[in-house]
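*Asks:* Input file: upload18.cif. Contents: mmCIF, C-alpha atoms and all ligand atoms.
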data_structure
loop_
_atom_site.label_atom_id
_atom_site.label_comp_id
_atom_site.auth_asym_id
_atom_site.auth_seq_id
_atom_site.Cartn_x
_atom_site.Cartn_y
_atom_site.Cartn_z
CA MET A 76 31.77 -1.90 -20.24
CA SER A 77 34.56 0.34 -18.98
CA GLY A 78 34.48 3.81 -17.41
CA LYS A 79 34.41 5.06 -13.84
CA GLY A 80 32.13 2.25 -12.67
CA LEU A 81 29.03 0.80 -14.26
CA VAL A 82 25.70 2.19 -13.04
CA VAL A 83 22.67 -0.01 -13.80
CA VAL A 84 19.29 1.74 -13.62
CA THR A 85 15.91 0.04 -13.91
CA GLY A 86 13.04 2.31 -14.94
CA ALA A 87 15.37 4.85 -16.54
CA SER A 88 12.90 6.13 -19.16
CA SER A 89 11.43 8.85 -16.91
CA GLY A 90 11.32 10.39 -13.43
CA PHE A 91 13.93 9.49 -10.81
CA GLY A 92 15.60 6.86 -13.00
CA ALA A 93 16.23 9.24 -15.92
CA ALA A 94 17.33 12.10 -13.65
CA THR A 95 19.75 9.86 -11.73
CA ALA A 96 21.20 8.40 -14.92
CA LEU A 97 21.93 11.95 -16.11
CA ARG A 98 23.64 12.88 -12.86
CA PHE A 99 25.84 9.75 -12.94
CA ALA A 100 26.62 10.49 -16.60
CA ALA A 101 27.80 13.96 -15.68
CA ILE A 102 30.35 12.54 -13.22
CA GLY A 103 31.74 10.10 -15.78
CA HIS A 104 30.04 6.77 -15.10
CA ALA A 105 29.20 4.16 -17.71
CA LEU A 106 25.47 3.42 -17.79
CA TYR A 107 23.27 0.41 -18.49
CA LEU A 108 19.64 1.49 -18.63
CA GLY A 109 16.42 -0.51 -18.73
CA ALA A 110 12.70 0.22 -19.17
CA ARG A 111 9.79 -0.87 -21.35
CA ARG A 112 9.45 2.32 -23.44
CA LEU A 113 12.53 1.90 -25.59
CA GLU A 114 12.19 5.14 -27.56
CA ARG A 115 12.01 7.17 -24.37
CA LEU A 116 14.93 5.20 -22.96
CA ARG A 117 17.05 5.82 -26.07
CA GLU A 118 16.42 9.55 -25.70
CA VAL A 119 17.63 9.41 -22.07
CA ALA A 120 20.68 7.44 -23.25
CA ARG A 121 21.40 10.11 -25.87
CA GLN A 122 21.23 12.82 -23.19
CA CYS A 123 23.55 10.78 -20.95
CA ARG A 124 26.15 10.58 -23.73
CA SER A 125 25.93 14.36 -24.20
CA ALA A 126 26.28 14.81 -20.44
CA GLY A 127 29.60 12.93 -20.45
CA ALA A 128 28.96 9.22 -19.87
CA PRO A 129 31.80 7.22 -21.49
CA GLU A 130 29.46 4.36 -22.48
CA VAL A 131 25.68 4.04 -22.40
CA GLU A 132 23.51 1.08 -23.30
CA ALA A 133 19.71 1.22 -23.42
CA ARG A 134 17.95 -2.15 -23.18
CA ALA A 135 14.30 -3.12 -23.20
CA LEU A 136 13.33 -4.36 -19.74
CA ASP A 137 10.01 -5.40 -18.29
CA VAL A 138 10.55 -6.23 -14.62
CA ARG A 139 7.24 -8.15 -14.61
CA SER A 140 8.85 -10.74 -16.90
CA LYS A 141 11.49 -13.16 -15.62
CA GLU A 142 12.74 -13.77 -19.18
CA SER A 143 13.16 -10.04 -19.77
CA ILE A 144 15.08 -9.66 -16.49
CA ASP A 145 17.31 -12.65 -17.29
CA ALA A 146 18.20 -11.17 -20.69
CA PHE A 147 18.78 -7.72 -19.17
CA CYS A 148 21.09 -9.05 -16.45
CA ALA A 149 23.00 -11.24 -18.92
CA GLY A 150 23.78 -8.23 -21.12
CA ALA A 151 25.61 -6.19 -18.48
CA GLY A 152 28.96 -6.33 -16.71
CA THR A 153 29.36 -6.09 -12.94
CA PRO A 154 27.50 -3.09 -11.55
CA ALA A 155 29.31 -0.64 -9.32
CA VAL A 156 25.82 0.70 -8.59
CA LEU A 157 22.51 -1.10 -9.06
CA LEU A 158 19.58 1.33 -8.83
CA ASN A 159 16.37 -0.65 -8.37
CA ASN A 160 14.05 2.15 -9.33
CA ALA A 161 11.41 0.64 -11.67
CA GLY A 162 8.12 0.82 -9.85
CA LEU A 163 4.61 2.21 -9.80
CA ALA A 164 1.36 2.72 -8.00
CA LEU A 165 -1.87 1.74 -9.74
CA GLY A 166 -5.11 3.38 -8.61
CA ARG A 167 -6.33 4.56 -5.19
CA ASP A 168 -8.88 1.83 -4.57
CA THR A 169 -9.63 0.42 -1.13
CA VAL A 170 -8.83 -3.21 -0.37
CA GLU A 171 -12.51 -3.95 -0.89
CA LYS A 172 -12.41 -2.56 -4.43
CA ILE A 173 -8.88 -3.12 -5.73
CA THR A 174 -8.78 -4.77 -9.14
CA GLU A 175 -6.84 -7.91 -9.87
CA ALA A 176 -4.83 -6.04 -12.50
CA ASP A 177 -3.73 -3.30 -10.09
CA LEU A 178 -2.94 -5.77 -7.32
CA LEU A 179 -0.74 -7.94 -9.53
CA GLY A 180 0.76 -4.95 -11.33
CA MET A 181 2.10 -3.41 -8.11
CA VAL A 182 3.27 -6.61 -6.44
CA GLU A 183 4.94 -8.03 -9.56
CA THR A 184 6.66 -4.75 -10.46
CA ASN A 185 7.67 -3.35 -7.07
CA VAL A 186 8.51 -6.54 -5.17
CA ILE A 187 9.00 -9.57 -7.39
CA GLY A 188 10.77 -7.57 -10.11
CA LEU A 189 13.12 -5.92 -7.62
CA VAL A 190 14.10 -9.24 -6.06
CA ARG A 191 14.70 -10.88 -9.45
CA VAL A 192 16.85 -8.02 -10.75
CA THR A 193 18.87 -8.02 -7.51
CA ARG A 194 19.29 -11.79 -7.64
CA GLY A 195 20.39 -11.49 -11.27
CA PHE A 196 23.26 -9.11 -10.48
CA LEU A 197 24.29 -10.15 -6.97
CA PRO A 198 26.58 -13.12 -7.73
CA ARG A 199 28.87 -10.88 -9.84
CA MET A 200 28.89 -8.15 -7.20
CA ILE A 201 29.64 -10.62 -4.41
CA GLU A 202 32.44 -12.14 -6.50
CA ALA A 203 33.89 -8.66 -7.07
CA ARG A 204 33.46 -7.85 -3.36
CA ARG A 205 32.24 -4.38 -4.19
CA GLY A 206 29.16 -2.50 -5.28
CA HIS A 207 26.19 -0.51 -4.06
CA ILE A 208 22.53 -1.49 -4.27
CA VAL A 209 20.13 1.45 -4.08
CA ASN A 210 16.47 0.55 -3.70
CA LEU A 211 13.68 3.03 -4.35
CA GLY A 212 11.31 2.62 -1.46
CA SER A 213 8.91 5.42 -0.60
CA TYR A 214 7.59 7.48 2.30
CA ALA A 215 4.79 4.89 1.97
CA ALA A 216 7.28 2.33 3.36
CA ARG A 217 6.83 4.08 6.69
CA GLY A 218 3.07 4.38 7.16
CA VAL A 219 -0.29 3.73 5.62
CA TYR A 220 -3.10 5.69 4.01
CA GLU A 221 -6.59 4.82 2.78
CA GLY A 222 -6.55 3.67 -0.82
CA GLY A 223 -2.87 2.84 -0.61
CA ALA A 224 -2.79 -0.57 1.09
CA VAL A 225 -1.10 -2.51 -1.68
CA TYR A 226 1.28 0.23 -2.82
CA ALA A 227 2.35 0.80 0.80
CA ALA A 228 2.62 -2.96 1.33
CA THR A 229 4.97 -3.26 -1.66
CA LYS A 230 7.14 -0.41 -0.37
CA HIS A 231 7.17 -1.83 3.18
CA SER A 232 8.38 -5.01 1.45
CA VAL A 233 11.18 -3.12 -0.29
CA ARG A 234 12.26 -1.80 3.10
CA VAL A 235 12.30 -5.31 4.57
CA ILE A 236 14.27 -6.57 1.57
CA SER A 237 16.80 -3.72 1.93
CA GLU A 238 17.26 -4.44 5.65
CA THR A 239 17.67 -8.16 5.00
CA LEU A 240 20.18 -7.58 2.21
CA ARG A 241 22.26 -5.48 4.60
CA LEU A 242 22.45 -8.50 6.93
CA GLU A 243 23.09 -11.04 4.19
CA LEU A 244 25.78 -8.92 2.51
CA SER A 245 27.56 -7.69 5.63
CA GLU A 246 30.70 -9.71 4.82
CA THR A 247 30.81 -8.75 1.16
CA ASN A 248 31.70 -5.05 1.24
CA ILE A 249 28.50 -4.31 -0.72
CA ARG A 250 26.51 -1.31 0.46
CA VAL A 251 22.70 -1.20 0.53
CA THR A 252 20.77 2.06 0.60
CA GLU A 253 17.05 2.68 0.61
CA ILE A 254 15.73 6.03 -0.62
CA ASP A 255 12.24 6.92 0.68
CA PRO A 256 10.84 10.05 -0.97
CA GLY A 257 7.49 11.68 -0.26
CA LEU A 258 5.44 13.54 -2.89
CA ALA A 259 7.53 14.01 -6.03
CA GLU A 260 6.22 15.31 -9.35
CA THR A 261 7.17 12.82 -12.06
CA GLU A 262 4.95 10.64 -14.26
CA PHE A 263 4.10 8.65 -11.11
CA SER A 264 0.65 10.21 -10.50
CA LEU A 265 -0.27 10.11 -14.19
CA VAL A 266 0.54 6.38 -14.25
CA ARG A 267 -1.36 5.88 -10.99
CA LEU A 268 -4.51 7.87 -11.83
CA GLY A 269 -4.45 7.71 -15.63
CA ASP A 270 -5.57 11.33 -16.04
CA GLU A 271 -3.59 14.61 -16.36
CA GLU A 272 -6.08 16.66 -14.29
CA LYS A 273 -6.21 14.17 -11.43
CA ALA A 274 -2.43 13.88 -11.49
CA LYS A 275 -2.05 17.69 -11.26
CA GLU A 276 -4.45 17.77 -8.30
CA VAL A 277 -2.00 15.62 -6.26
CA TYR A 278 0.47 18.55 -6.24
CA ARG A 279 -2.06 21.41 -5.97
CA GLY A 280 -0.99 24.34 -3.78
CA MET A 281 2.32 22.86 -2.67
CA GLN A 282 5.85 22.46 -3.99
CA PRO A 283 6.61 18.77 -4.49
CA LEU A 284 10.06 17.22 -4.76
CA THR A 285 11.46 17.05 -8.28
CA ALA A 286 13.09 14.03 -9.92
CA ASP A 287 16.37 15.90 -9.72
CA ASP A 288 16.01 16.42 -5.93
CA VAL A 289 15.81 12.64 -5.55
CA ALA A 290 18.63 12.03 -8.05
CA ASP A 291 20.80 14.43 -6.04
CA ALA A 292 20.15 12.42 -2.85
CA ILE A 293 20.94 9.12 -4.59
CA VAL A 294 24.23 10.39 -6.01
CA TRP A 295 25.13 11.88 -2.63
CA ALA A 296 24.54 8.52 -0.88
CA VAL A 297 26.59 6.65 -3.49
CA THR A 298 29.50 9.10 -3.43
CA ARG A 299 30.14 8.84 0.33
CA PRO A 300 33.49 7.15 1.15
CA PRO A 301 33.40 3.34 0.72
CA HIS A 302 33.33 2.71 4.49
CA VAL A 303 30.15 4.83 4.88
CA ASN A 304 26.77 3.25 4.19
CA ILE A 305 23.73 5.52 4.11
CA SER A 306 21.21 2.85 5.11
CA GLU A 307 18.02 4.85 4.70
CA LEU A 308 17.23 8.30 3.47
CA VAL A 309 13.76 9.77 3.99
CA MET A 310 13.00 12.99 2.13
CA THR A 311 9.76 14.90 1.77
CA PRO A 312 8.67 18.26 0.42
CA THR A 313 8.79 20.81 3.23
CA ALA A 314 4.99 21.10 3.01
CA GLN A 315 4.51 17.36 3.64
CA ALA A 316 4.48 16.49 7.34
CA SER A 317 3.13 12.94 7.02
CA LEU A 318 1.55 10.63 4.47
CA THR A 319 -1.80 12.28 5.15
CA LYS A 320 -0.88 15.83 6.18
CA VAL A 321 0.21 18.16 3.38
CA HIS A 322 0.00 21.92 3.70
CA ARG A 323 -1.53 23.50 0.58
CA GLU A 324 -1.76 27.19 -0.19
CA PRO A 325 -5.25 28.12 -1.38
N1 LIG B 1 6.96 10.17 -7.56
C1 LIG B 1 6.74 9.88 -6.31
O1 LIG B 1 5.98 10.62 -5.61
C2 LIG B 1 7.42 8.71 -5.65
C3 LIG B 1 7.59 8.77 -4.26
C4 LIG B 1 8.21 7.71 -3.63
C5 LIG B 1 8.67 6.64 -4.36
N2 LIG B 1 8.51 6.60 -5.72
C6 LIG B 1 9.05 5.43 -6.42
O2 LIG B 1 10.10 5.87 -7.24
C7 LIG B 1 10.27 5.00 -8.35
C8 LIG B 1 10.33 5.80 -9.64
O3 LIG B 1 9.10 6.49 -9.80
P1 LIG B 1 8.99 7.91 -10.51
O4 LIG B 1 8.36 8.85 -9.54
O5 LIG B 1 10.25 8.28 -11.16
O6 LIG B 1 7.82 7.58 -11.59
P2 LIG B 1 7.83 7.52 -13.20
O7 LIG B 1 8.24 8.83 -13.77
O8 LIG B 1 6.48 6.98 -13.56
O9 LIG B 1 8.97 6.43 -13.54
C9 LIG B 1 8.78 5.07 -13.30
C10 LIG B 1 9.79 4.29 -14.10
O10 LIG B 1 9.60 2.89 -13.83
C11 LIG B 1 9.55 2.21 -15.04
N3 LIG B 1 8.75 0.99 -14.97
C12 LIG B 1 7.47 0.84 -14.54
N4 LIG B 1 7.07 -0.44 -14.71
C13 LIG B 1 8.12 -1.10 -15.26
C14 LIG B 1 8.33 -2.43 -15.70
N5 LIG B 1 7.35 -3.36 -15.61
N6 LIG B 1 9.53 -2.77 -16.21
C15 LIG B 1 10.51 -1.85 -16.32
N7 LIG B 1 10.39 -0.58 -15.92
C16 LIG B 1 9.19 -0.20 -15.42
C17 LIG B 1 8.99 3.20 -16.05
O11 LIG B 1 9.43 2.85 -17.36
P3 LIG B 1 8.52 2.24 -18.54
O12 LIG B 1 7.11 2.66 -18.32
O13 LIG B 1 9.15 2.81 -19.79
O14 LIG B 1 8.73 0.75 -18.42
C18 LIG B 1 9.65 4.49 -15.59
O15 LIG B 1 10.91 4.63 -16.18
C19 LIG B 1 9.12 4.00 -8.26
O16 LIG B 1 9.62 2.81 -7.65
C20 LIG B 1 8.11 4.70 -7.35
O17 LIG B 1 7.30 3.78 -6.67
C21 LIG B 1 7.89 7.63 -6.38
#
Hey, can you dump this file as structure tokens for me?

*Replies:*
Amino acid sequence: MSGKGLVVVTGASSGFGAATALRFAAIGHALYLGARRLERLREVARQCRSAGAPEVEARALDVRSKESIDAFCAGAGTPAVLLNNAGLALGRDTVEKITEADLLGMVETNVIGLVRVTRGFLPRMIEARRGHIVNLGSYAARGVYEGGAVYAATKHSVRVISETLRLELSETNIRVTEIDPGLAETEFSLVRLGDEEKAKEVYRGMQPLTADDVADAIVWAVTRPPHVNISELVMTPTAQASLTKVHREP
């Protein structure tokens, strides 16, 4: 792939991943996009071409499958930017009640998948002595809340992985940024709660972040001069003061 620099995005079929792909497209980057819902992903790829991306490839990717990750990584060139965005929360159950499916779903997607994708691309980036890894953490990487033990644990893990990568890659010229957003209205709550009404309730009476707000922050971090590394960026809606305190208008 040619172009201004290849941007690889996992979980590009909706939310932050799709919005960030579009913003990178608009500033002339080539894109390599992955997600499970291929039709949705192809639509995002089409929009990226219209927005100005010189080349766009959409590939099926399930970050819970090592084989799928291996095939995805093998199909791309050397990323200028690797956006590890694919992730999810499943349910709001307590530790006492959490199902096996939700537990494995979150750990395999948010932690194991992220490490495997990073491991898949890193040798090429180290060889090239350039690149930028952007990991989607969460405000939940910085605290805890009832019903969120495993999701928060996976995002604390992402933060630890980002910090460790910064140490391990300090001689390679590769930058590592973690983006930690608070409440953002995407498909996240629908995936988590499985119900439109319950998902809407999460954002009742307040103005959440949008996918584009987060995309804007990611592109800003990546477009700083090469000697500047934005290590961590925490962003919340103005109405969100903590993981458990959100001001809502009646
Ligand atoms: N929205 C929030 O409030 C919020 C706040 C902080 C952090 N985050 C984090 O931000 C990231 C993006 O979330 P979002 O808000 O944009 O939610 P979203 O709209 O639900 O998007 C999630 C993306 O991840 C992909 N994905 C999920 N499981 C995958 C798998 N096994 N393999 C490949 N791709 C997978 C989905 O694609 P497919 O389903 O097509 O595979 C989708 O493109 C996640 O890591 C999330 O934890 C979200």

*Asks:* Return as AutoDock Vina command-line options the centre and edge lengths, in Å with one decimal, of the box along x, y and z that encloses every atom of ligand LIG 1 (chain B) in the file, padded by 8 Å per side.

*Replies:*
--center_x 8.4 --center_y 3.6 --center_z -11.7 --size_x 20.9 --size_y 30.0 --size_z 32.2

*Asks:* Can you measure CA of Arg139 (chain A) to CA of Val83 (chain A) for me? One decimal in Å is fine.

*Replies:*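 Atom-to-atom, CA of Arg139 (chain A) and CA of Val83 (chain A) are spaced 17.5 Å apart.
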
*Asks:* Which polymer residues, protein or nucleic acid, are no farther than 8 Å from (33.4, -1.3, -4.5), counting only C-alpha atoms, as a PyMOL selection string?

*Replies:* chain A and resi 155+203-207+248-249+301

*Asks:* Find the residue from A:Glu183, A:Glu118, A:Glu132, A:Asp145 that sits nearest to ligand LIG 1 (chain B); use all atoms listed in the file when measuring.

*Replies:* A:Glu183

*Asks:* Pick out the closest residue to ligand LIG 1 (chain B) from this set: A:Ala133, A:Ala101, A:Val186, A:Val138. Count all atoms listed in the file.

*Replies:*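 Nearest candidate to ligand LIG 1 (chain B) out of A:Ala133, A:Ala101, A:Val186, A:Val138: A:Val138.
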
*Asks:* Using CA of Val131 (chain A) and CA of Val119 (chain A) as the two end points, give the distance in Å to one decimal.

*Replies:*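 Distance between the two atoms: 9.7 Å.
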
*Asks:* One decimal, Å: what's the distance from CA of Phe91 (chain A) over to CA of Gly269 (chain A), could you say?

*Replies:*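 These atoms are spaced 19.1 Å apart.
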
*Asks:* For Arg191 (chain A), which residue out of A:Arg112, A:Arg234, A:Lys79, A:Lys141 is the nearest one, using only C-alpha atoms?

*Replies:* A:Lys141

*Asks:* Any idea what's packed within 12 Å of Leu163 (chain A), counting all atoms listed in the file, ignoring anything in its chain fewer than 6 positions away? Could you give it as number ranges by chain?

*Replies:* A: 86, 89-91, 138-139, 177-186, 188-189, 211-213, 223, 225-227, 229-230, 261-268

*Asks:* Of the candidates A:Glu260, A:Asp287, A:Glu324, A:Asp168, which one gets nearest to ligand LIG 1 (chain B) if we count only C-alpha atoms and all ligand atoms?

*Replies:*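 Using only C-alpha atoms and all ligand atoms, ligand LIG 1 (chain B) sits closest to A:Glu260.
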
*Asks:* Using all atoms listed in the file, which of A:Val190, A:Leu197, A:Ala228, A:Leu158 sits nearest Ile254 (chain A)?

*Replies:*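 That would be A:Leu158, the residue with the smallest distance to Ile254 (chain A).
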
*Asks:* Hey, can you pull every residue with an atom no more than 10 Å from (31.7, 6.0, -12.0), using only C-alpha atoms, and send it as a PyMOL selection string?

*Replies:* chain A and resi 77-82+99-106+128-129+155-156+297-298

*Asks:* Which residue out of A:Arg279, A:His231, A:Arg194, A:Arg121 has the minimum interatomic distance to Asp255 (chain A) when all atoms listed in the file are used?

*Replies:*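 Smallest distance to Asp255 (chain A) is found for A:His231.
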